[in-house]
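Q: Please find one structure pasted underneath; my questions will follow.
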Amino acid sequence: MTPDQLIAVARAAAAHAYAPYSRFAVGAAVLLVDGGVVTGANVENASYGLSLCAETVAVATAGAQGRLADIVALAVVGGPIDGAGDAPVSPCGRCRQVLNEAAQLGRRDLPVHCAGLTGDRIKTYRLSDLLPHAFGPDDLRS
Ligand code: THU
């Protein structure tokens with residue numbers, strides 16, 4: 001699957017965002033080593049601070065399928081529900097740390113493809129550039 005295809009899947013996932021408070025929809029898609037894809041969307045909460053990000057939902061769903069160590073790439077897209085937003089969205093700090101767990105388990109440096117809900121402005125980063133000197137599962141092994 002190409003980055004463009006993974007972004008298209010993330011855009012479809014963003015349609016399921018539950019974002020009545022921020023009105024900012026985010027979709028994520030993680031690509032697995034066997035070509036499978038797992039998606040997520042942000043899930044907000046009336047207690048705002050409990051809201052879940054799309055990337056975290058996607059990674060947790062992959063984990064619930066026993067696939068945490070099998071993630072090879074991520075696409076994340078987002079933008080205002082009522083707007084035209086083509087600005088690339090990059091993962092928040094917490095999501096970078098959540099992604100790092102999967103990356104270290106699988107011993108991969110993940111490409112992170114970022115885009116808006118529409119348009120062709122795409123930024124691709126390595127997770128190691130987004131979260132340098134990361135703390136992860138390796139640090140807890142003696
Ligand atoms: N959000 C994500 O889903 N992922 C990110 O990486 C950044 C922010 C969500 C959280 C909240 O529901 C909305 O976007 C506005 O912050």
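In the structure tokens, each chain is lettered A, B, ... as it comes, each chain's residues begin at 1, and ligands are numbered from 1 in order of appearance.
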Please report, as a PyMOL selection string, each residue of stretch 3-137 of chain A to which DSSP assigns strand (DSSP E or B) when run on this structure's backbone.

A: chain A and resi 18+24-32+37-41+43+52+71-80+111-116+122-126

Q: With only C-alpha atoms as the counted atoms, please give the residues lying no more than 10 Å from stretch 128-133 of chain A, apart from itself and same-chain residues fewer than 3 positions off, as a count of residues only.

A: 16

Q: Write out as a PDB file with N, CA, C and O atoms, in the first residue's frame each polymer residue whose atoms come within 7 Å of A:Asp70, counting only C-alpha atoms; drop sequence neighbours fewer than 4 positions from it.

A:
```
ATOM      1  N   LEU A  32       0.058  -2.657   8.667  1.00  0.00           N
ATOM      2  CA  LEU A  32       0.691  -3.806   9.313  1.00  0.00           C
ATOM      3  C   LEU A  32       1.639  -4.504   8.334  1.00  0.00           C
ATOM      4  O   LEU A  32       1.524  -4.331   7.109  1.00  0.00           O
ATOM      5  N   VAL A  33       2.537  -5.299   8.873  1.00  0.00           N
ATOM      6  CA  VAL A  33       3.595  -5.907   8.073  1.00  0.00           C
ATOM      7  C   VAL A  33       3.032  -6.827   6.982  1.00  0.00           C
ATOM      8  O   VAL A  33       3.636  -6.991   5.921  1.00  0.00           O
ATOM      9  N   GLY A 106       8.470  -3.599  17.525  1.00  0.00           N
ATOM     10  CA  GLY A 106       8.698  -4.168  16.200  1.00  0.00           C
ATOM     11  C   GLY A 106      10.088  -3.891  15.643  1.00  0.00           C
ATOM     12  O   GLY A 106      10.413  -4.306  14.537  1.00  0.00           O
TER      13      GLY A 106
END
```

Q: Can you pull out every residue within 7 Å of A:Tyr18, counting only C-alpha atoms, but drop anything in the same chain fewer than 6 positions away, and send it as an MDAnalysis selection string?

A: chainID A and resid 42:44

Q: Produce a file of the selected residues containing N, CA and C atoms, as a PDB file, in the first residue's frame.

A:
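Produced file out_29.pdb, reproduced below:
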```
ATOM      1  N   ASN A  42     -10.638  10.238  16.316  1.00  0.00           N
ATOM      2  CA  ASN A  42     -10.686  10.798  17.664  1.00  0.00           C
ATOM      3  C   ASN A  42     -12.064  10.607  18.282  1.00  0.00           C
ATOM      4  N   VAL A  43     -12.046  10.351  19.584  1.00  0.00           N
ATOM      5  CA  VAL A  43     -13.265  10.112  20.360  1.00  0.00           C
ATOM      6  C   VAL A  43     -13.230  11.072  21.543  1.00  0.00           C
ATOM      7  N   GLU A  44     -13.993  12.159  21.438  1.00  0.00           N
ATOM      8  CA  GLU A  44     -13.974  13.167  22.498  1.00  0.00           C
ATOM      9  C   GLU A  44     -14.928  12.789  23.626  1.00  0.00           C
TER      10      GLU A  44
END
```

Q: Taking only C-alpha atoms and all ligand atoms and a cut-off of 8 Å, can you tell me which residues surround ligand 1, written as a list of chain:residue names?

A: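 The residues within 8 Å of ligand 1, counting only C-alpha atoms and all ligand atoms, are A:Tyr18, A:Ala19, A:Tyr21, A:Ser22, A:Arg23, A:Phe24, A:Ala25, A:Val26, A:Gly27, A:Ala41, A:Asn42, A:Val43, A:Glu44, A:Ser51, A:Leu52, A:Cys53, A:Ala54, A:Glu55, A:Thr56, A:Val76, A:Gly78, A:Val89, A:Ser90, A:Pro91, A:Cys92, A:Gly93, A:Arg94, A:Cys95.
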
Q: Output C-alpha atoms for every residue in the selection just made, as a PDB file, in the first residue's frame.

A:
```pdb
ATOM      1  CA  TYR A  18     -16.662  11.955  17.410  1.00  0.00           C
ATOM      2  CA  ALA A  19     -15.574  15.556  17.881  1.00  0.00           C
ATOM      3  CA  TYR A  21     -16.467  19.860  21.241  1.00  0.00           C
ATOM      4  CA  SER A  22     -13.420  20.781  19.146  1.00  0.00           C
ATOM      5  CA  ARG A  23     -15.170  20.196  15.820  1.00  0.00           C
ATOM      6  CA  PHE A  24     -11.730  19.006  14.628  1.00  0.00           C
ATOM      7  CA  ALA A  25     -11.916  15.564  12.999  1.00  0.00           C
ATOM      8  CA  VAL A  26      -8.858  13.328  12.946  1.00  0.00           C
ATOM      9  CA  GLY A  27      -8.412   9.954  11.267  1.00  0.00           C
ATOM     10  CA  ALA A  41     -10.655   8.339  14.793  1.00  0.00           C
ATOM     11  CA  ASN A  42     -10.686  10.798  17.664  1.00  0.00           C
ATOM     12  CA  VAL A  43     -13.265  10.112  20.360  1.00  0.00           C
ATOM     13  CA  GLU A  44     -13.974  13.167  22.498  1.00  0.00           C
ATOM     14  CA  SER A  51     -10.675  12.712  24.786  1.00  0.00           C
ATOM     15  CA  LEU A  52      -8.817  10.075  22.774  1.00  0.00           C
ATOM     16  CA  CYS A  53      -6.697  10.906  19.737  1.00  0.00           C
ATOM     17  CA  ALA A  54      -7.145   9.068  16.449  1.00  0.00           C
ATOM     18  CA  GLU A  55      -3.591   7.685  16.413  1.00  0.00           C
ATOM     19  CA  THR A  56      -3.911   6.306  19.937  1.00  0.00           C
ATOM     20  CA  VAL A  76      -2.799  10.758  10.185  1.00  0.00           C
ATOM     21  CA  GLY A  78      -7.261  16.041  10.310  1.00  0.00           C
ATOM     22  CA  VAL A  89      -1.708  17.327  10.986  1.00  0.00           C
ATOM     23  CA  SER A  90       1.183  15.860  12.904  1.00  0.00           C
ATOM     24  CA  PRO A  91       0.761  13.585  15.933  1.00  0.00           C
ATOM     25  CA  CYS A  92       0.551  15.169  19.383  1.00  0.00           C
ATOM     26  CA  GLY A  93       3.248  14.387  21.924  1.00  0.00           C
ATOM     27  CA  ARG A  94       1.268  11.685  23.702  1.00  0.00           C
ATOM     28  CA  CYS A  95       0.529   9.913  20.422  1.00  0.00           C
TER      29      CYS A  95
END
```

Q: Which of these residues is nearest to A:Asp82, using only C-alpha atoms: A:Pro137, A:Gly36, A:Pro20, A:Gly63?

A: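 Result for the nearest residue to A:Asp82: A:Pro20.
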
Q: Neighbouring residues of A:Gln5 were defined as those with any atom within 12 Å, considering only C-alpha atoms; residues of the same chain fewer than 2 positions away were excluded. Please report them as a list in words.

A: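 Everything that qualifies: Met1, Thr2, Pro3, Ile7, Ala8, Val9, Ala10, Arg11, Ala12, Ala29, Val30, Leu31, Gly35, Val37, Ala73, Leu74, Ala75, Val76 and His113 of chain A.
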
Q: Could you check the closest approach to A:Arg67 for each of A:Val98, A:Val38, A:Ala87, A:Ala15 and tell me which residue wins, using only C-alpha atoms?

A: A:Val38

Q: Determine, counting only C-alpha atoms, which protein, DNA and RNA residues have an atom within 8 Å of an atom of A:Thr118; residues of the same chain fewer than 4 positions away are not included. Present the result as an mmCIF file with N, CA, C and O atoms, in the first residue's frame.

A:
```
data_model
loop_
_atom_site.group_PDB
_atom_site.id
_atom_site.type_symbol
_atom_site.label_atom_id
_atom_site.label_comp_id
_atom_site.auth_asym_id
_atom_site.auth_seq_id
_atom_site.Cartn_x
_atom_site.Cartn_y
_atom_site.Cartn_z
ATOM 1 N N ALA A 84 -12.241 23.675 5.191
ATOM 2 C CA ALA A 84 -11.633 23.083 4.005
ATOM 3 C C ALA A 84 -10.308 22.396 4.314
ATOM 4 O O ALA A 84 -9.796 21.679 3.481
ATOM 5 N N GLY A 85 -9.778 22.587 5.507
ATOM 6 C CA GLY A 85 -8.459 22.187 5.985
ATOM 7 C C GLY A 85 -7.588 21.225 5.196
ATOM 8 O O GLY A 85 -7.780 20.018 5.253
ATOM 9 N N ASP A 86 -6.579 21.778 4.509
ATOM 10 C CA ASP A 86 -5.629 20.900 3.838
ATOM 11 C C ASP A 86 -4.248 20.938 4.514
ATOM 12 O O ASP A 86 -3.292 20.387 3.990
#
```

Q: For A:Gly40, which residue out of A:Ile81, A:Val57, A:Leu6, A:Leu140 is the nearest one, using only C-alpha atoms?

A: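 Checking each of A:Ile81, A:Val57, A:Leu6, A:Leu140 against A:Gly40, counting only C-alpha atoms, the winner is A:Val57.
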
Q: If you run DSSP on the backbone, which residues of stretch 23-117 of chain A are alpha helix (DSSP H), as a PyMOL selection string?

A: chain A and resi 54-64+93-106

Q: Could you state the separation of atom CA of A:Gln104 and atom CA of A:Ala69 in Å, given to one decimal place?

A: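 Computed distance, atom CA of A:Gln104 to atom CA of A:Ala69, equals 7.9 Å.
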